[in-house]
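Undergrad: Quick one: the structure is below, questions incoming.
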Number of protein chains: 2
Amino acid sequence: MAELLSSLIEPKSIAVIGASENSNKIGGRPIFYMQRHGYKGNIYPINPSRSEIQGLRGYPSLAALPEVPELALVIVSGDAAVAAVDECAERGVKSAIVIASGFGETGEQGRKVQQGMAERARARGMRIVGPNTQGLANFGNGAIASFSTMFIEVPALDGPIAVASQSGGMSSVTYGLCRRRGLGVRHVHATGNEADVTVADIAWTVAHDPGVKLLLLYLETIANPDLLAQTAEYARERDLPIVAVKAGRSASGQKAASSHTGALANEDRVVDAFFRHHGIWRVRDAQAMALAADAYLKGWRPHGRRLVVISNSGASCVMAADASEDYGLPLAELSTETRRDVAAKLPGFATSTNPIDVTAALLQNSAMFGDVLPIVAKDPAADLFFLHVPVAGAGYDVERFARDSAQFAADTGKPLVVSAWQESIAQVFRAAGLVVFENEAEALSVFAQVASHAELMRRARPKWPEGAPVDVPAGSQRFFNEADSLALLAKAGVPVVPYRLCKSAAEARAAFQALGAPVAVKACSVDVPHKSEHGLVSLGVTSAEDAARLFDSQWEKLSAMKAARDGVIVAAMKKGRRELMVGARVDPVFGPIVLVGDGGKYVEALKDFAILIPPFDAEEVRKALARLRIAPIIDGVRGEPALDVDAVAKVAIGVGRLIRAAKGKIASIDLNPVMVGAAGEGAIVVDALIERG
Amino acid sequence: MAELLSSLIEPKSIAVIGASENSNKIGGRPIFYMQRHGYKGNIYPINPSRSEIQGLRGYPSLAALPEVPELALVIVSGDAAVAAVDECAERGVKSAIVIASGFGETGEQGRKVQQGMAERARARGMRIVGPNTQGLANFGNGAIASFSTMFIEVPALDGPIAVASQSGGMSSVTYGLCRRRGLGVRHVHATGNEADVTVADIAWTVAHDPGVKLLLLYLETIANPDLLAQTAEYARERDLPIVAVKAGRSASGQKAASSHTGALANEDRVVDAFFRHHGIWRVRDAQAMALAADAYLKGWRPHGRRLVVISNSGASCVMAADASEDYGLPLAELSTETRRDVAAKLPGFATSTNPIDVTAALLQNSAMFGDVLPIVAKDPAADLFFLHVPVAGAGYDVERFARDSAQFAADTGKPLVVSAWQESIAQVFRAAGLVVFENEAEALSVFAQVASHAELMRRARPKWPEGAPVDVPAGSQRFFNEADSLALLAKAGVPVVPYRLCKSAAEARAAFQALGAPVAVKACSVDVPHKSEHGLVSLGVTSAEDAARLFDSQWEKLSAMKAARDGVIVAAMKKGRRELMVGARVDPVFGPIVLVGDGGKYVEALKDFAILIPPFDAEEVRKALARLRIAPIIDGVRGEPALDVDAVAKVAIGVGRLIRAAKGKIASIDLNPVMVGAAGEGAIVVDALIERG
């Protein structure tokens with residue numbers, strides 16, 4: 001169990017080193033905030049030149065305090081900051097927050113100073129947040145060790161949202177955007193350069209606050225994937241959704257992130273896979289986090305995605321129908337009875353099929369929404385409800401629409417969202433407790449998000465038994481030769497093509513006879529990992545004579561290349577219906593990962609592969625394959641049978657277990673092609689290249 | 001030249017048939033609006049039971065009016081509406097707007113009534129807008145023949161925007177969203193069921209209003225592509241950007257559109273190609289139209305896409321860098337001098353490379369933006385400027401930021417956008433005349449849009465000379481046999497594989513000798529268009545004997561199948577580096593279209609093709625190929641040479657000219673594969689199937 005950093009988020013006492021009387025200054029604002037928000041612990045302003053600060057007693061030094069504070073907020077900068085941190089650690093302060101910039105984000109020299117400071121603190125058992133941070137703020141208890149101006153700009157309100165962010169700016173923006181939507185935010189924490197405490201540490205800690213119902217993260221690097229994974233697991237258990245922005249998605253972004261917080265680059269597709277694996281939902285920006293917050297806080301965890309659309313605008317029905325396909329929320333097929341009952345409530349020219357267009361007749365009959373909603377709710381085909389009101393105002397009884405809709409939501413417990421771009425209209429619906437969006441794209445993207453996220457959180461996480469460690473033969477070469485690669489795979493239970501490693505033409509002839517025509521003849525040398533580029537692969541060999549002759553010529557070629565002559569492989573030729581690729585490698589941050597995708601020589605160019613984080617099950621492989629561009633081919637098109645996805649899953653799981661069990665001794669595995677047959681026909685590895693770790 | 005419908009948008013007199021004293025009723029609101037917005041023409045309220053209506057003289061009937069009105073607004077519904085339209089047409093009214101619903105959108109019966117009404121009107125020279133419409137509104141002259149409540153909800157302001165929409169609701173929403181952004185809107189026109197006048201007619205007319213600087217369209221069907229194309233051409237000539245929402249993108253949306261306005265479905269990928277071809281920019285919804293309006297109205301038509309980002313938040317720099325890659329706006333590489341001069345204005349820990357992070361030090365030095373912008377503007381590497389201010393408020397001199405930014409924009413004329421999600425901050429920038437967005441995604445998507453749209457509008461539109469009509473041999477079969485297909489293509493100048501159509505084994509033998517090994521031997525029968533499915537294709541034939549033997553067996557098989565024995569094709573075997581596909585067909589709405597894409601049997605499953613609208617040039621084909629998923633392969637990866645894109649373009653243009661010249665006698669052309677070599681090696685058609693029209 002990781003440590004809960006309660007000294008950071010619920011400290012009993014806080015010293016402010018470099019305190020200021022001026023509440024607009026960095027050293028003054030936290031004191032101002034803590035007094036305003038009713039912090040109950042002891043605040044110790046430290047400033048050698050003032051005996052009173054913002055009505056509190058001022059102290060000249062840490063040494064002069066009546067107790068060792070639990071938390072120190074270090075406002076002073078440069079060398080003074082380092083000295084203050086060192087002194088805090090010596091005196092037994094539990095945690096320090098270092099505001100000053102000019103450390104790791106400026107380059108190598110700054111990084112060294114930062115690292116030294118953090119190491120000395122850790123050695124004495126003190127945790128550090130920052131440097132280069134805006135600080136931490138807990139509106140649940142008033143411990144506002146942060147200088148963010150945003151708490152002035154947008155008044156605080158304690159509530160169920162927690163924000164943990166590397167960036168101070170982004171923590172403020174996320175806070176502000178949630179508040180603008182009327183939502184309460186308890187935690188607003190920024191970790192800055194993360195010399196010690198990371199976003200994962202904060203996330204782990206606030207996930208244990210039972211008042212937190214939604215956890216929002218902003219990351220520029222995932223420094224501590226294990227703790228983040230552990231947090232996600234804990235959060236899933238207590239039904240706490242985590243939504244994350246991970247910036248530095250692109251090469252340009254990663255370069256900028258390195259200047260910002262000295263963040264190390266993560267490979268972005270692996271980040272996606274990591275989040276998916278752990279049930280963390282990734283979005284693009286703070287606006288997207290705030291947009292969906294309301295829906296999460298309603299507690300919606302839908303099990304179905306079938307949508308009902310009701311609108312007073314025909315065009316909005318059309319656009320909602322389009323959006324329903326964009327976001328994979330199929331329009332519910334209402335029963336004949338439902339449609340009949342709906343039609344009875346509408347004028348003749350209105351549309352009683354879903355999407356239901358009540359038309360501008362809503363002007364004459366304000367009861368329409370209230371009449372239609374309960375009828376549709378009775379239809380078991382409907383999971384999600386979307387009321388689209390793009391036009392309203394004078395002449396419309398919006399109060400009634402809102403009341404009827406809220407009543408419906410309360411009576412049925414069904415997820416209902418409203419779209420109304422006119423602020424005056426939106427306000428009426430919001431006042432009735434409804435979730436309101438600007439248009440169909442916003443509304444349905446959020447429905448799709450909460451539905452998909454709920455499914456992701458519910459998904460079973462398989463455990464792979466530890467298993468015996470794999471005996472990876474020692475060697476100084478970067479790659480194993482193909483025979484050794486195939487042998488390692490076979491030992492791990494991965495189906496590989498039948499083959500013989502031959503040391504003479506006679507052995508090749510015998511191998512041909514044993515395996516049967518046609519065979520492949522391939523030179524095997526640890527020095528020639530990419531043998532087809534050297535003309536050392538012959539396919540479709542149909543006679544023992546040819547096999548023997550090819551042995552001789554390849555053997556000679558290896559000799560001419562001065563390459564190790566490990567042998568010549570004679571292998572059965574296996575054809576599948578499609579050549580796929582299965583691979584694995586050890587990511588420097590996330591550890592072993594597995595890749596499944598389309599095979600062939602254009603894997604890197606076309607990037608049609610999906611990434612899986614071990615441990616995973618066949619279902620997860622199936623879902624990964626369904627995300628590929630070639631998914632229709634895998635499913636079977638033009639009368640072709642579906643491919644044997646279970647067999648591919650078996651290969652992927654075998655490869656994943658092998659690279660995990662190798663514990664760093666294998667750096668990567670590249671199986672391309674894996675010949676995959678129709679469902680039931682299996683999958684078999686015909687070419688393998690394993691790289692040492 | 002199409003007709004300008006000035007009687008609709010600048011009528012000298014308007015009769016309101018079914019006028020009401022109550023300005024909240026449909027029959028009263030237009031009169032109220034016209035009086036409020038200073039309509040200078042004559043308004044004739046018609047209502048048999050009132051002699052005065054809203055202070056105007058009321059008339060019992062059309063016959064009682066002192067003049068024949070130019071425009072009639074028909075408020076009455078059902079049979080009365082039809083009767084009123086007929087009477088208008090008889091009396092020489094130039095145009096009528098029919099508000100009533102219950103026509104084409106309700107089914108076949110309604111469609112017939114609607115069509116009859118429109119035909120009778122057209123026969124007498126009267127144009128009809130609607131039925132099932134909200135009407136037309138011109139705030140340039142106060143001719144508001146519309147009952148939209150939105151003009152009450154959001155006060156009108158005449159301005160440079162024109163909205164033409166099938167849907168009344170969407171015209172109101174687009175109007176309202178533009179107004180919410182502070183922009184003036186002159187035209188708000190809805191066409192409803194389009195019994196006669198379409199969005200294209202309205203677009204054509206308002207494009208001729210010199211006060212219109214941005215034209216926004218909402219379409220559920222493109223009923224009149226020729227006029228829309230003509231409008232787009234005219235708009236390009238006068239530098240008028242057209243932005244369109246085309247709903248009914250999906251099957252569900254098309255179904256909903258059919259219930260809404262009786263709209264016929266368009267194939268969505270063809271719609272995309274049509275818009276691209278004509279320089280119309282397509283967006284998803286009204287919000288997206290309003291979002292970019294401001295930037296268009298600034299007159300920005302950028303020739304470059306290199307972006308400079310300046311922010312007081314490091315995280316925003318990271319996110320803007322990510323977004324710059326999302327939207328294809330590369331970060332400008334600033335010169336050493338620029339970076340040096342920028343650095344001199346910033347604190348040491350700030351970042352002087354692009355994105356430029358001035359950090360929270362902006363709090364201490366309000367001049368930073370104003371200091372940095374002019375330095376960067378001098379660098380020729382920078383085309384577009386983005387000021388990202390996610391955090392501001394108390395303590396920040398936002399007035400100064402805005403003043404400095406506006407001064408920069410005025411001095412340099414360079415496109416500058418600001419992001420500030422806090423309304424109080426955004427207002428200050430807006431008041432200084434700047435374009436403000438909510439975050440980096442909004443800002444950069446709009447920059448990308450105006451840059452790409454400007455490029456699209458500038459692109460040269462080639463003309464294809466009419467050319468001689470193609471002599472398409474008559475026949476009753478759906479498909480041509482392959483020999484005839486190849487012959488048609490060869491005549492059109494498309495390079496086809498050398499081949500002989502053989503009628504005997506001896507001819508096959510002779511063909512082999514003439515063409516040289518290897519050859520393909522393929523049965524040729526008008527009855528067997530998909531011959532490989534019947535085992536009637538043999539590839540890689542390497543001897544004259546084999547060719548003769550295959551002739552015999554295929555000839556016999558055709559006989560056994562009771563298929564016409566048109567011959568057996570012996571064709572040279574041509575290999576390219578990649579097999580692509582070129583196709584063409586006649587779209588029922590848009591006419592001839594051409595497809596280029598990846599070849600093979602999975603064209604439909606993988607959909608990796610692009611659509612081109614004739615006439616087009618090689619450059620357009622190159623751009624289309626660059627949009628394919630296999631674009632990296634076409635460009636050359638892993639040391640492979642690039643493919644001969646010029647040769648593909650030649651095939652595509654040849655095919656496009658052939659299907660155009662066939663004037664309906666050819667329904668489709670399917671060339672798959674086209675063997676494409678490396679640049680300079682050419683492309684050659686090896687299989688062809690042409691369908692009669």
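Order determines the names: the first chain of the structure tokens is A, the second B, and so forth; residues in each chain are numbered 1 upward, and ligands are numbered 1 upward as they are shown.
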Give me the chain B side of the contact with chain A, cut-off 6 Å, one line per residue showing its nearest atom pair and distance in Å at one decimal, counting only C-alpha atoms, sorted by chain and residue number, as a tab-separated table.
TA:
```
residue	atom	partner	partner_atom	distance
B:Gly102	CA	A:Phe349	CA	5.4
B:Thr106	CA	A:Phe349	CA	6.0
B:Ser167	CA	A:Ala315	CA	6.0
B:Gly169	CA	A:Ser313	CA	5.9
B:Ala247	CA	A:Met319	CA	5.8
B:Arg249	CA	A:Asp322	CA	5.9
B:Ser250	CA	A:Asp322	CA	5.3
B:Ser252	CA	A:Ala321	CA	5.4
B:Gly253	CA	A:Ala321	CA	4.7
B:Ala256	CA	A:Val318	CA	5.1
B:Ala257	CA	A:Val318	CA	5.5
B:His260	CA	A:Gly314	CA	5.2
B:Ser313	CA	A:Gly169	CA	5.9
B:Gly314	CA	A:His260	CA	5.2
B:Ala315	CA	A:Ser167	CA	5.9
B:Val318	CA	A:Gly253	CA	4.7
B:Met319	CA	A:Ala247	CA	5.8
B:Ala321	CA	A:Gly253	CA	4.7
B:Asp322	CA	A:Gly253	CA	4.7
B:Phe349	CA	A:Gly102	CA	5.3
```
Undergrad: How would the residues just picked look written out with all heavy atoms as a short mmCIF file (atom, residue, chain, number, x, y, z; two decimals), in the first residue's frame?
TA:
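So the final result, stored in out-v5.cif, reads:
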```cif
data_model
loop_
_atom_site.label_atom_id
_atom_site.label_comp_id
_atom_site.auth_asym_id
_atom_site.auth_seq_id
_atom_site.Cartn_x
_atom_site.Cartn_y
_atom_site.Cartn_z
N GLY B 102 -47.25 19.91 -43.41
CA GLY B 102 -48.23 18.90 -43.80
C GLY B 102 -48.20 18.59 -45.29
O GLY B 102 -49.18 18.10 -45.85
N THR B 106 -44.76 14.60 -45.13
CA THR B 106 -45.65 13.61 -44.49
C THR B 106 -45.79 12.34 -45.31
O THR B 106 -46.37 11.37 -44.83
CB THR B 106 -47.05 14.21 -44.27
OG1 THR B 106 -47.57 14.58 -45.55
CG2 THR B 106 -47.01 15.41 -43.36
N SER B 167 -33.73 24.22 -43.02
CA SER B 167 -34.47 24.18 -41.78
C SER B 167 -34.64 25.57 -41.19
O SER B 167 -33.68 26.35 -41.09
CB SER B 167 -33.69 23.31 -40.78
OG SER B 167 -33.96 23.70 -39.46
N GLY B 169 -35.50 26.06 -38.02
CA GLY B 169 -34.85 26.00 -36.71
C GLY B 169 -33.35 26.26 -36.84
O GLY B 169 -32.78 27.06 -36.09
N ALA B 247 -26.45 18.05 -43.16
CA ALA B 247 -26.92 17.00 -42.25
C ALA B 247 -27.46 15.83 -43.06
O ALA B 247 -27.60 15.91 -44.28
CB ALA B 247 -27.98 17.56 -41.32
N ARG B 249 -25.79 12.94 -42.71
CA ARG B 249 -24.50 12.34 -43.09
C ARG B 249 -24.56 10.82 -43.03
O ARG B 249 -23.82 10.13 -43.69
CB ARG B 249 -23.41 12.82 -42.13
CG ARG B 249 -23.10 14.30 -42.23
CD ARG B 249 -22.01 14.68 -41.23
NE ARG B 249 -22.51 14.86 -39.88
CZ ARG B 249 -22.14 14.15 -38.83
NH1 ARG B 249 -21.24 13.19 -38.96
NH2 ARG B 249 -22.65 14.38 -37.64
N SER B 250 -25.41 10.32 -42.13
CA SER B 250 -25.45 8.90 -41.83
C SER B 250 -26.77 8.31 -42.31
O SER B 250 -27.69 9.04 -42.68
CB SER B 250 -25.37 8.73 -40.31
OG SER B 250 -26.50 9.37 -39.73
N SER B 252 -29.00 6.87 -40.43
CA SER B 252 -30.05 7.32 -39.49
C SER B 252 -30.43 8.76 -39.78
O SER B 252 -31.60 9.13 -39.72
CB SER B 252 -29.55 7.24 -38.05
OG SER B 252 -29.02 5.99 -37.76
N GLY B 253 -29.43 9.58 -40.04
CA GLY B 253 -29.69 10.99 -40.31
C GLY B 253 -30.47 11.18 -41.59
O GLY B 253 -31.37 12.03 -41.67
N ALA B 256 -34.07 10.38 -40.91
CA ALA B 256 -34.70 11.48 -40.18
C ALA B 256 -34.96 12.67 -41.11
O ALA B 256 -35.98 13.34 -41.01
CB ALA B 256 -33.85 11.89 -38.99
N ALA B 257 -34.01 12.94 -42.01
CA ALA B 257 -34.17 14.07 -42.93
C ALA B 257 -35.35 13.85 -43.85
O ALA B 257 -36.06 14.79 -44.20
CB ALA B 257 -32.88 14.26 -43.74
N HIS B 260 -38.25 14.88 -42.12
CA HIS B 260 -38.24 16.30 -41.75
C HIS B 260 -38.66 17.18 -42.92
O HIS B 260 -39.64 17.89 -42.86
CB HIS B 260 -36.84 16.69 -41.23
CG HIS B 260 -36.71 18.14 -40.88
ND1 HIS B 260 -35.57 18.85 -41.12
CD2 HIS B 260 -37.59 19.00 -40.33
CE1 HIS B 260 -35.75 20.11 -40.71
NE2 HIS B 260 -36.97 20.22 -40.23
N SER B 313 1.12 30.35 -19.62
CA SER B 313 0.99 29.04 -18.97
C SER B 313 1.80 28.02 -19.75
O SER B 313 1.60 27.86 -20.96
CB SER B 313 -0.48 28.61 -18.93
OG SER B 313 -0.57 27.19 -18.92
N GLY B 314 2.70 27.35 -19.06
CA GLY B 314 3.51 26.32 -19.71
C GLY B 314 2.65 25.19 -20.24
O GLY B 314 2.88 24.68 -21.34
N ALA B 315 1.65 24.78 -19.46
CA ALA B 315 0.78 23.69 -19.90
C ALA B 315 0.05 24.08 -21.18
O ALA B 315 -0.13 23.26 -22.08
CB ALA B 315 -0.22 23.34 -18.80
N VAL B 318 2.22 23.54 -24.03
CA VAL B 318 2.29 22.11 -24.39
C VAL B 318 1.04 21.73 -25.18
O VAL B 318 1.11 21.10 -26.24
CB VAL B 318 2.40 21.24 -23.12
CG1 VAL B 318 2.42 19.77 -23.51
CG2 VAL B 318 3.64 21.60 -22.32
N MET B 319 -0.11 22.13 -24.66
CA MET B 319 -1.36 21.74 -25.32
C MET B 319 -1.51 22.42 -26.68
O MET B 319 -2.03 21.83 -27.63
CB MET B 319 -2.53 22.03 -24.41
CG MET B 319 -2.41 21.17 -23.15
SD MET B 319 -3.80 21.27 -22.04
CE MET B 319 -5.07 20.51 -23.02
N ALA B 321 1.02 23.16 -28.58
CA ALA B 321 1.95 22.45 -29.46
C ALA B 321 1.30 21.16 -29.96
O ALA B 321 1.38 20.83 -31.15
CB ALA B 321 3.25 22.15 -28.72
N ASP B 322 0.64 20.44 -29.06
CA ASP B 322 -0.10 19.24 -29.49
C ASP B 322 -1.15 19.60 -30.54
O ASP B 322 -1.26 18.95 -31.58
CB ASP B 322 -0.80 18.59 -28.28
CG ASP B 322 0.14 17.79 -27.40
OD1 ASP B 322 1.21 17.37 -27.88
OD2 ASP B 322 -0.19 17.58 -26.21
N PHE B 349 13.91 31.80 -16.43
CA PHE B 349 13.29 30.48 -16.45
C PHE B 349 12.17 30.37 -17.49
O PHE B 349 11.56 29.33 -17.65
CB PHE B 349 12.76 30.09 -15.05
CG PHE B 349 11.96 31.17 -14.39
CD1 PHE B 349 10.62 31.34 -14.71
CD2 PHE B 349 12.54 32.02 -13.46
CE1 PHE B 349 9.87 32.34 -14.11
CE2 PHE B 349 11.78 33.03 -12.86
CZ PHE B 349 10.45 33.19 -13.18
#
```
Undergrad: Identify, on the basis of only C-alpha atoms, every residue whose closest approach to Arg238 of chain B does not exceed 10 Å; exclude the query and any residue fewer than 2 positions from it along the same chain; express the result as a list in words.
TA: Ala207, His208, Pro210, Lys213, Ala232, Glu233, Tyr234, Ala235, Arg236, Leu240 and Pro241 of chain B
Undergrad: Apply DSSP to the backbone of this structure and, from segment 509-632 of chain B, keep only the residues in strand (DSSP E or B); write these as a VMD selection string.
TA: chain B and resid 519 to 524 537 to 541 567 to 572 578 to 587 591 to 598 609 to 612
Undergrad: Could you please write out, as a PyMOL selection string, every residue of segment 224-366 of chain B that DSSP assigns to helix (DSSP H, G or I)?
TA: chain B and resi 225-237+251-261+268-278+286-297+314-326+336-345+360-363
Undergrad: I want to know what sits within 9 Å of Phe429 of chain A, based on only C-alpha atoms, with residues of the same chain fewer than 2 positions away left out; could you give that as a list in words?
TA: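 Close residues of Phe429 of chain A: Val398, Glu399, Phe401, Ala402, Arg403, Ser405, Ala406, Val418, Ala420, Ile425, Ala426, Gln427, Ala431, Ala432, Gly433, Leu434, Val435 and Val436 of chain A.
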Undergrad: Write to file, as a compact mmCIF listing (two decimals), in the first residue's frame, the residues of the selection just made, with N, CA, C and O atoms.
TA:
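Result file follows (again12.txt):
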```txt
# COMPACT_ATOMS: atom_id res chain seq x y z
N VAL A 398 -41.07 27.08 -21.02
CA VAL A 398 -39.83 26.35 -20.74
C VAL A 398 -39.82 25.81 -19.31
O VAL A 398 -39.32 24.71 -19.06
N GLU A 399 -40.40 26.58 -18.39
CA GLU A 399 -40.49 26.11 -17.00
C GLU A 399 -41.17 24.74 -16.95
O GLU A 399 -40.73 23.84 -16.24
N PHE A 401 -41.40 22.55 -19.46
CA PHE A 401 -40.55 21.53 -20.08
C PHE A 401 -39.55 21.02 -19.04
O PHE A 401 -39.30 19.82 -18.91
N ALA A 402 -38.97 21.97 -18.31
CA ALA A 402 -37.93 21.62 -17.34
C ALA A 402 -38.53 20.78 -16.21
O ALA A 402 -37.96 19.77 -15.78
N ARG A 403 -39.70 21.20 -15.73
CA ARG A 403 -40.35 20.50 -14.62
C ARG A 403 -40.70 19.07 -15.06
O ARG A 403 -40.41 18.10 -14.36
N SER A 405 -39.42 17.31 -17.45
CA SER A 405 -38.21 16.51 -17.71
C SER A 405 -37.58 16.05 -16.40
O SER A 405 -37.16 14.90 -16.27
N ALA A 406 -37.52 16.97 -15.43
CA ALA A 406 -36.92 16.63 -14.14
C ALA A 406 -37.76 15.55 -13.45
O ALA A 406 -37.22 14.62 -12.85
N VAL A 418 -30.20 17.36 -21.72
CA VAL A 418 -30.92 18.37 -22.48
C VAL A 418 -29.90 19.16 -23.28
O VAL A 418 -28.77 19.36 -22.83
N ALA A 420 -29.62 22.90 -25.01
CA ALA A 420 -30.23 24.21 -25.19
C ALA A 420 -29.10 25.23 -25.19
O ALA A 420 -28.46 25.44 -24.18
N ILE A 425 -32.55 29.70 -21.62
CA ILE A 425 -33.29 28.44 -21.62
C ILE A 425 -32.53 27.39 -20.80
O ILE A 425 -33.10 26.67 -19.97
N ALA A 426 -31.22 27.33 -21.06
CA ALA A 426 -30.39 26.35 -20.35
C ALA A 426 -30.52 26.53 -18.84
O ALA A 426 -30.63 25.56 -18.09
N GLN A 427 -30.53 27.79 -18.42
CA GLN A 427 -30.64 28.09 -16.98
C GLN A 427 -31.88 27.46 -16.35
O GLN A 427 -31.82 26.95 -15.23
N ALA A 431 -31.66 24.79 -13.47
CA ALA A 431 -32.25 25.06 -12.16
C ALA A 431 -33.13 23.89 -11.71
O ALA A 431 -33.30 23.66 -10.51
N ALA A 432 -33.65 23.14 -12.67
CA ALA A 432 -34.46 21.96 -12.32
C ALA A 432 -33.60 20.73 -12.07
O ALA A 432 -34.11 19.63 -11.89
N GLY A 433 -32.27 20.93 -12.09
CA GLY A 433 -31.37 19.83 -11.75
C GLY A 433 -30.98 18.97 -12.93
O GLY A 433 -30.43 17.88 -12.76
N LEU A 434 -31.21 19.47 -14.15
CA LEU A 434 -30.91 18.66 -15.33
C LEU A 434 -29.53 18.99 -15.88
O LEU A 434 -28.98 20.07 -15.64
N VAL A 435 -28.98 18.04 -16.60
CA VAL A 435 -27.67 18.22 -17.24
C VAL A 435 -27.91 18.82 -18.62
O VAL A 435 -28.65 18.26 -19.42
N VAL A 436 -27.29 19.96 -18.89
CA VAL A 436 -27.58 20.71 -20.11
C VAL A 436 -26.32 20.91 -20.95
O VAL A 436 -25.26 21.25 -20.41
```
Undergrad: I'd like the neighbourhood of Ala626 of chain A as a PyMOL selection string, where a residue qualifies if any of its atoms comes within 12 Å (using only C-alpha atoms), though same-chain residues fewer than 5 positions away should be ignored.
TA: chain A and resi 596-598+608-610+619-621+631-636+642-643+645
Undergrad: Please determine, counting only C-alpha atoms, which residue among A:Gly328, A:Ser532, A:Val686, A:Glu87 has the shortest atom-to-atom distance to Leu486 of chain A.
TA: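 Checking each candidate against Leu486 of chain A, we get A:Val686 as the closest.
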Undergrad: Distance atom CA of Met573 of chain A-atom CA of Leu515 of chain A, one decimal place?
TA: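 Going from atom CA of Met573 of chain A over to atom CA of Leu515 of chain A covers 9.1 Å.
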